[in-house]
$ cat structure-v2.pdb   # PDB, C-alpha atoms
ATOM      1  CA  MET B   1     -41.427  -9.165 -11.283
ATOM      2  CA  THR B   2     -38.496  -6.813 -10.799
ATOM      3  CA  ILE B   3     -37.659  -5.578  -7.356
ATOM      4  CA  GLU B   4     -35.771  -2.315  -7.262
ATOM      5  CA  PRO B   5     -32.978  -2.041  -4.707
ATOM      6  CA  ALA B   6     -33.677   0.163  -1.741
ATOM      7  CA  ALA B   7     -32.342   3.676  -1.949
ATOM      8  CA  PRO B   8     -29.187   4.261   0.067
ATOM      9  CA  PRO B   9     -29.734   5.906   3.417
ATOM     10  CA  GLY B  10     -29.495   9.657   3.369
ATOM     11  CA  CYS B  11     -29.431  12.296   6.028
ATOM     12  CA  LEU B  12     -28.504  15.856   6.789
ATOM     13  CA  ILE B  13     -25.977  16.081   9.601
ATOM     14  CA  LEU B  14     -25.401  19.337  11.389
ATOM     15  CA  SER B  15     -22.487  20.051  13.697
ATOM     16  CA  PRO B  16     -21.542  22.994  15.904
ATOM     17  CA  GLN B  17     -17.903  22.493  14.934
ATOM     18  CA  ALA B  18     -16.068  22.876  11.655
ATOM     19  CA  LEU B  19     -15.703  19.565   9.841
ATOM     20  CA  ALA B  20     -13.087  18.753   7.232
ATOM     21  CA  THR B  21     -14.143  17.872   3.713
ATOM     22  CA  VAL B  22     -12.791  14.543   2.479
ATOM     23  CA  ASP B  23     -11.227  14.800  -0.975
ATOM     24  CA  ARG B  24     -12.868  11.850  -2.759
ATOM     25  CA  SER B  25     -10.396  12.058  -5.637
ATOM     26  CA  ARG B  26      -7.678  11.173  -3.110
ATOM     27  CA  TYR B  27      -9.503   8.897  -0.665
ATOM     28  CA  GLY B  28     -11.938   5.973  -0.879
ATOM     29  CA  PRO B  29     -15.251   6.613  -2.641
ATOM     30  CA  PHE B  30     -18.375   7.563  -0.729
ATOM     31  CA  ALA B  31     -20.116   4.449  -2.113
ATOM     32  CA  GLY B  32     -18.324   2.400   0.560
ATOM     33  CA  LEU B  33     -20.678   3.961   3.082
ATOM     34  CA  ARG B  34     -23.398   1.554   1.921
ATOM     35  CA  ARG B  35     -21.412  -1.293   3.439
ATOM     36  CA  GLY B  36     -21.149   0.320   6.869
ATOM     37  CA  ALA B  37     -17.352   0.460   6.827
ATOM     38  CA  TYR B  38     -14.782   0.805   4.103
ATOM     39  CA  VAL B  39     -11.123   1.590   3.529
ATOM     40  CA  LEU B  40     -10.934   5.350   3.278
ATOM     41  CA  ALA B  41      -7.142   5.589   3.004
ATOM     42  CA  ASP B  42      -4.705   2.759   2.564
ATOM     43  CA  CYS B  43      -0.982   2.208   2.650
ATOM     44  CA  GLU B  44       1.123   0.766  -0.144
ATOM     45  CA  SER B  45       1.989  -2.354   1.850
ATOM     46  CA  HIS B  46       0.299  -4.559   4.413
ATOM     47  CA  PRO B  47      -0.848  -2.227   7.226
ATOM     48  CA  ASP B  48       1.076  -2.082  10.478
ATOM     49  CA  VAL B  49      -1.877  -0.387  12.164
ATOM     50  CA  ILE B  50      -5.537   0.308  11.388
ATOM     51  CA  LEU B  51      -7.295   3.477  12.517
ATOM     52  CA  ILE B  52     -11.053   2.835  12.706
ATOM     53  CA  GLY B  53     -14.030   5.030  13.414
ATOM     54  CA  ILE B  54     -15.992   8.057  12.399
ATOM     55  CA  GLU B  55     -13.445  10.720  13.337
ATOM     56  CA  VAL B  56     -11.960  10.414   9.865
ATOM     57  CA  ALA B  57     -10.300  13.845   9.629
ATOM     58  CA  LEU B  58      -8.253  13.057  12.734
ATOM     59  CA  ALA B  59      -7.479   9.534  11.468
ATOM     60  CA  LEU B  60      -6.417  10.822   8.039
ATOM     61  CA  GLU B  61      -4.090  13.412   9.501
ATOM     62  CA  ALA B  62      -2.586  10.839  11.867
ATOM     63  CA  SER B  63      -2.122   8.321   9.040
ATOM     64  CA  GLU B  64      -0.213  10.881   6.986
ATOM     65  CA  ARG B  65       2.178  11.488   9.903
ATOM     66  CA  LEU B  66       2.525   7.762  10.515
ATOM     67  CA  THR B  67       3.383   7.200   6.852
ATOM     68  CA  ARG B  68       6.087   9.879   7.018
ATOM     69  CA  ASP B  69       7.436   8.101  10.118
ATOM     70  CA  GLY B  70       7.565   4.733   8.323
ATOM     71  CA  VAL B  71       4.431   3.182   9.853
ATOM     72  CA  ALA B  72       2.017   1.716   7.287
ATOM     73  CA  ALA B  73      -1.441   2.897   8.354
ATOM     74  CA  ARG B  74      -4.905   2.127   7.005
ATOM     75  CA  VAL B  75      -7.881   4.353   7.779
ATOM     76  CA  VAL B  76     -11.283   2.673   7.957
ATOM     77  CA  SER B  77     -14.397   4.821   8.069
ATOM     78  CA  MET B  78     -17.023   2.929  10.068
ATOM     79  CA  PRO B  79     -20.246   4.908  10.411
ATOM     80  CA  SER B  80     -22.534   1.867  10.787
ATOM     81  CA  TRP B  81     -21.714  -1.288  12.712
ATOM     82  CA  GLU B  82     -25.047  -2.786  11.688
ATOM     83  CA  LEU B  83     -24.450  -2.426   7.944
ATOM     84  CA  PHE B  84     -20.877  -3.659   8.323
ATOM     85  CA  GLU B  85     -21.989  -6.764  10.236
ATOM     86  CA  ASP B  86     -24.446  -7.533   7.413
ATOM     87  CA  GLN B  87     -21.564  -7.809   4.926
ATOM     88  CA  PRO B  88     -20.009 -11.157   4.034
ATOM     89  CA  LYS B  89     -17.104 -12.192   6.248
ATOM     90  CA  SER B  90     -14.820 -12.028   3.207
ATOM     91  CA  TYR B  91     -15.569  -8.307   2.821
ATOM     92  CA  ARG B  92     -15.192  -7.611   6.559
ATOM     93  CA  ASP B  93     -11.823  -9.419   6.542
ATOM     94  CA  THR B  94     -10.700  -7.349   3.560
ATOM     95  CA  VAL B  95     -11.458  -4.124   5.412
ATOM     96  CA  LEU B  96     -10.147  -5.336   8.788
ATOM     97  CA  PRO B  97      -7.613  -8.097   8.070
ATOM     98  CA  PRO B  98      -7.527 -10.497  11.044
ATOM     99  CA  THR B  99      -3.708 -10.566  10.842
ATOM    100  CA  VAL B 100      -3.514  -6.855  11.748
ATOM    101  CA  THR B 101      -4.131  -6.688  15.485
ATOM    102  CA  ALA B 102      -2.695  -3.192  15.995
ATOM    103  CA  ARG B 103      -5.963  -1.264  15.796
ATOM    104  CA  ILE B 104      -7.284   1.965  17.252
ATOM    105  CA  SER B 105     -10.903   3.066  17.270
ATOM    106  CA  ILE B 106     -11.399   6.822  17.323
ATOM    107  CA  GLU B 107     -14.809   7.978  18.543
ATOM    108  CA  GLU B 108     -15.291  11.318  20.284
ATOM    109  CA  ALA B 109     -18.072   9.726  22.261
ATOM    110  CA  SER B 110     -18.354   6.449  24.126
ATOM    111  CA  THR B 111     -15.894   3.610  23.661
ATOM    112  CA  LEU B 112     -18.755   1.161  24.222
ATOM    113  CA  GLY B 113     -18.783  -1.553  21.562
ATOM    114  CA  TRP B 114     -15.593  -0.614  19.742
ATOM    115  CA  ASP B 115     -13.706  -3.449  21.427
ATOM    116  CA  ARG B 116     -15.282  -5.902  18.974
ATOM    117  CA  TYR B 117     -13.373  -4.175  16.146
ATOM    118  CA  VAL B 118     -10.074  -3.399  17.859
ATOM    119  CA  GLY B 119      -9.774  -6.763  19.612
ATOM    120  CA  SER B 120      -7.843  -7.523  22.760
ATOM    121  CA  ASP B 121      -4.615  -5.997  21.404
ATOM    122  CA  GLY B 122      -6.193  -2.740  20.237
ATOM    123  CA  VAL B 123      -7.017   0.590  21.848
ATOM    124  CA  THR B 124     -10.349   2.370  22.020
ATOM    125  CA  LEU B 125      -9.827   6.125  22.003
ATOM    126  CA  GLY B 126     -12.999   7.708  23.344
ATOM    127  CA  LYS B 127     -14.669   9.113  26.417
ATOM    128  CA  GLU B 128     -15.697   7.129  29.453
ATOM    129  CA  THR B 129     -17.591  10.069  30.948
ATOM    130  CA  PHE B 130     -20.496  12.260  29.919
ATOM    131  CA  GLY B 131     -21.241  15.935  30.312
ATOM    132  CA  ALA B 132     -17.837  17.616  30.111
ATOM    133  CA  SER B 133     -18.202  21.261  29.246
ATOM    134  CA  ALA B 134     -15.397  23.519  28.058
ATOM    135  CA  PRO B 135     -14.153  25.122  24.856
ATOM    136  CA  LEU B 136     -13.803  22.450  22.157
ATOM    137  CA  GLN B 137     -10.003  22.573  21.941
ATOM    138  CA  ALA B 138      -9.686  22.062  25.702
ATOM    139  CA  LEU B 139     -11.914  18.965  25.523
ATOM    140  CA  VAL B 140     -10.047  17.597  22.510
ATOM    141  CA  GLU B 141      -6.757  17.828  24.354
ATOM    142  CA  ARG B 142      -8.168  16.564  27.670
ATOM    143  CA  PHE B 143      -9.582  13.409  26.105
ATOM    144  CA  GLY B 144      -6.630  12.758  23.767
ATOM    145  CA  PHE B 145      -8.315  13.442  20.439
ATOM    146  CA  THR B 146      -5.176  14.944  18.970
ATOM    147  CA  VAL B 147      -2.998  13.843  16.084
ATOM    148  CA  ASP B 148      -0.055  13.526  18.487
ATOM    149  CA  GLN B 149      -2.008  11.154  20.765
ATOM    150  CA  VAL B 150      -3.255   8.984  17.897
ATOM    151  CA  VAL B 151       0.214   8.823  16.318
ATOM    152  CA  GLU B 152       1.883   7.968  19.631
ATOM    153  CA  THR B 153      -0.659   5.230  20.349
ATOM    154  CA  ALA B 154      -0.398   3.825  16.811
ATOM    155  CA  GLN B 155       3.395   3.741  16.907
ATOM    156  CA  ARG B 156       3.340   1.921  20.253
ATOM    157  CA  LEU B 157       0.828  -0.635  18.939
ATOM    158  CA  ALA B 158       2.718  -1.153  15.678
ATOM    159  CA  GLU B 159       5.945  -1.796  17.619
ATOM    160  CA  THR B 160       4.400  -4.302  20.009
ATOM    161  CA  HIS B 161       1.980  -6.072  17.641
ATOM    162  CA  GLY B 162       3.543  -5.543  14.219
TER     163      GLY B 162
END

$ encode --input "structure-v2.pdb" --output "structure tokens"
Amino acid sequence: MTIEPAAPPGCLILSPQALATVDRSRYGPFAGLRRGAYVLADCESHPDVILIGIEVALALEASERLTRDGVAARVVSMPSWELFEDQPKSYRDTVLPPTVTARISIEEASTLGWDRYVGSDGVTLGKETFGASAPLQALVERFGFTVDQVVETAQRLAETHG
């Protein structure tokens, strides 16, 4: 008897804001999504800092600036903790090497739970409140979801934990 593998999850996601398109010829393949988390963009050497989360456009832009500034940054797209936790430890350690403790999670929602991936030396960039209402750009700046904020935080972490 042959058992066919389950089809990968699929969904249609709608957003009131403009979202960047990830150039898959330049960044990690979409197939990594099946594992819950995967390296979307990597550096040429061992990473000084890892940017983790689902706000990948922000993380990619920050990693490009960090690279220009001499900080080796890895971007990990992590849309599903559950799928990632189901992966073998060897895979999880490849994506998030235990030796790299300078980590930032970027989630434009709650920081709840991200500490398990950034560790005690990392930073969770997210919101601790609910219900803020203002034009999107004002909220982005208020809560620190800017390239400047991510780069500044990453540089500080890389200096102290690199």

$ closest_residue --input "structure-v2.pdb" --among "B:Thr160, B:Gln149, B:Gln87, B:Ser25" --to "B:Thr101" --atoms "all atoms listed in the file"
B:Thr160

$ residues_around --input "structure-v2.pdb" --residues "B:Leu157" --least-positions-apart "3" --cutoff "10 Å" --atoms "all atoms listed in the file" --output "list in words"
Asp48, Val49, Ile50, Thr101, Ala102, Arg103, Ile104, Asp121, Gly122, Val123, Val151, Glu152, Thr153, Ala154, Thr160, His161 and Gly162 of chain B

$ resolve_selection --input "structure-v2.pdb" --expression "the PyMOL selection byres ((chain B and resi 107) around 7)" --output "MDAnalysis selection string"
chainID B and resid 53:55 105:106 108:111 125:126

$ write_last_selection --input "structure-v2.pdb" --atoms "C-alpha atoms" --output "PDB file, keeping the file's coordinate frame"
ATOM      1  CA  GLY B  53     -14.030   5.030  13.414  1.00  0.00           C
ATOM      2  CA  ILE B  54     -15.992   8.057  12.399  1.00  0.00           C
ATOM      3  CA  GLU B  55     -13.445  10.720  13.337  1.00  0.00           C
ATOM      4  CA  SER B 105     -10.903   3.066  17.270  1.00  0.00           C
ATOM      5  CA  ILE B 106     -11.399   6.822  17.323  1.00  0.00           C
ATOM      6  CA  GLU B 108     -15.291  11.318  20.284  1.00  0.00           C
ATOM      7  CA  ALA B 109     -18.072   9.726  22.261  1.00  0.00           C
ATOM      8  CA  SER B 110     -18.354   6.449  24.126  1.00  0.00           C
ATOM      9  CA  THR B 111     -15.894   3.610  23.661  1.00  0.00           C
ATOM     10  CA  LEU B 125      -9.827   6.125  22.003  1.00  0.00           C
ATOM     11  CA  GLY B 126     -12.999   7.708  23.344  1.00  0.00           C
TER      12      GLY B 126
END

$ residues_around --input "structure-v2.pdb" --residues "B:Ser63" --least-positions-apart "6" --cutoff "10 Å" --atoms "all atoms listed in the file" --output "MDAnalysis selection string"
chainID B and resid 41:43 49:51 57 69 71:75 147 150:151 154

$ resolve_selection --input "structure-v2.pdb" --expression "the PyMOL selection byres ((chain B and resi 27) around 10)" --output "ChimeraX atom specification"
/B:22-26,28-30,39-42,60,75

$ atom_distance --input "structure-v2.pdb" --atom1 "atom CA of B:Glu64" --atom2 "atom CA of B:Ala18"
20.4 Å

$ residues_near_point --input "structure-v2.pdb" --point "(-19.8, 3.8, 7.5)" --cutoff "10 Å" --atoms "only C-alpha atoms" --output "PyMOL selection string"
chain B and resi 30-40+53-54+76-84

$ write_last_selection --input "structure-v2.pdb" --atoms "C-alpha atoms" --output "PDB file, in the coordinates of the input"
ATOM      1  CA  PHE B  30     -18.375   7.563  -0.729  1.00  0.00           C
ATOM      2  CA  ALA B  31     -20.116   4.449  -2.113  1.00  0.00           C
ATOM      3  CA  GLY B  32     -18.324   2.400   0.560  1.00  0.00           C
ATOM      4  CA  LEU B  33     -20.678   3.961   3.082  1.00  0.00           C
ATOM      5  CA  ARG B  34     -23.398   1.554   1.921  1.00  0.00           C
ATOM      6  CA  ARG B  35     -21.412  -1.293   3.439  1.00  0.00           C
ATOM      7  CA  GLY B  36     -21.149   0.320   6.869  1.00  0.00           C
ATOM      8  CA  ALA B  37     -17.352   0.460   6.827  1.00  0.00           C
ATOM      9  CA  TYR B  38     -14.782   0.805   4.103  1.00  0.00           C
ATOM     10  CA  VAL B  39     -11.123   1.590   3.529  1.00  0.00           C
ATOM     11  CA  LEU B  40     -10.934   5.350   3.278  1.00  0.00           C
ATOM     12  CA  GLY B  53     -14.030   5.030  13.414  1.00  0.00           C
ATOM     13  CA  ILE B  54     -15.992   8.057  12.399  1.00  0.00           C
ATOM     14  CA  VAL B  76     -11.283   2.673   7.957  1.00  0.00           C
ATOM     15  CA  SER B  77     -14.397   4.821   8.069  1.00  0.00           C
ATOM     16  CA  MET B  78     -17.023   2.929  10.068  1.00  0.00           C
ATOM     17  CA  PRO B  79     -20.246   4.908  10.411  1.00  0.00           C
ATOM     18  CA  SER B  80     -22.534   1.867  10.787  1.00  0.00           C
ATOM     19  CA  TRP B  81     -21.714  -1.288  12.712  1.00  0.00           C
ATOM     20  CA  GLU B  82     -25.047  -2.786  11.688  1.00  0.00           C
ATOM     21  CA  LEU B  83     -24.450  -2.426   7.944  1.00  0.00           C
ATOM     22  CA  PHE B  84     -20.877  -3.659   8.323  1.00  0.00           C
TER      23      PHE B  84
END

$ atom_distance --input "structure-v2.pdb" --atom1 "atom CA of B:Lys127" --atom2 "atom CA of B:Val95"
25.0 Å

$ atom_distance --input "structure-v2.pdb" --atom1 "atom CA of B:Ala62" --atom2 "atom CA of B:Thr146"
8.6 Å

$ closest_residue --input "structure-v2.pdb" --among "B:Trp114, B:His46, B:Leu66, B:Glu141" --to "B:Thr94" --atoms "all atoms listed in the file"
B:His46

$ closest_residue --input "structure-v2.pdb" --among "B:Arg65, B:Tyr117, B:Tyr91, B:Glu85" --to "B:Ile52" --atoms "only C-alpha atoms"
B:Tyr117
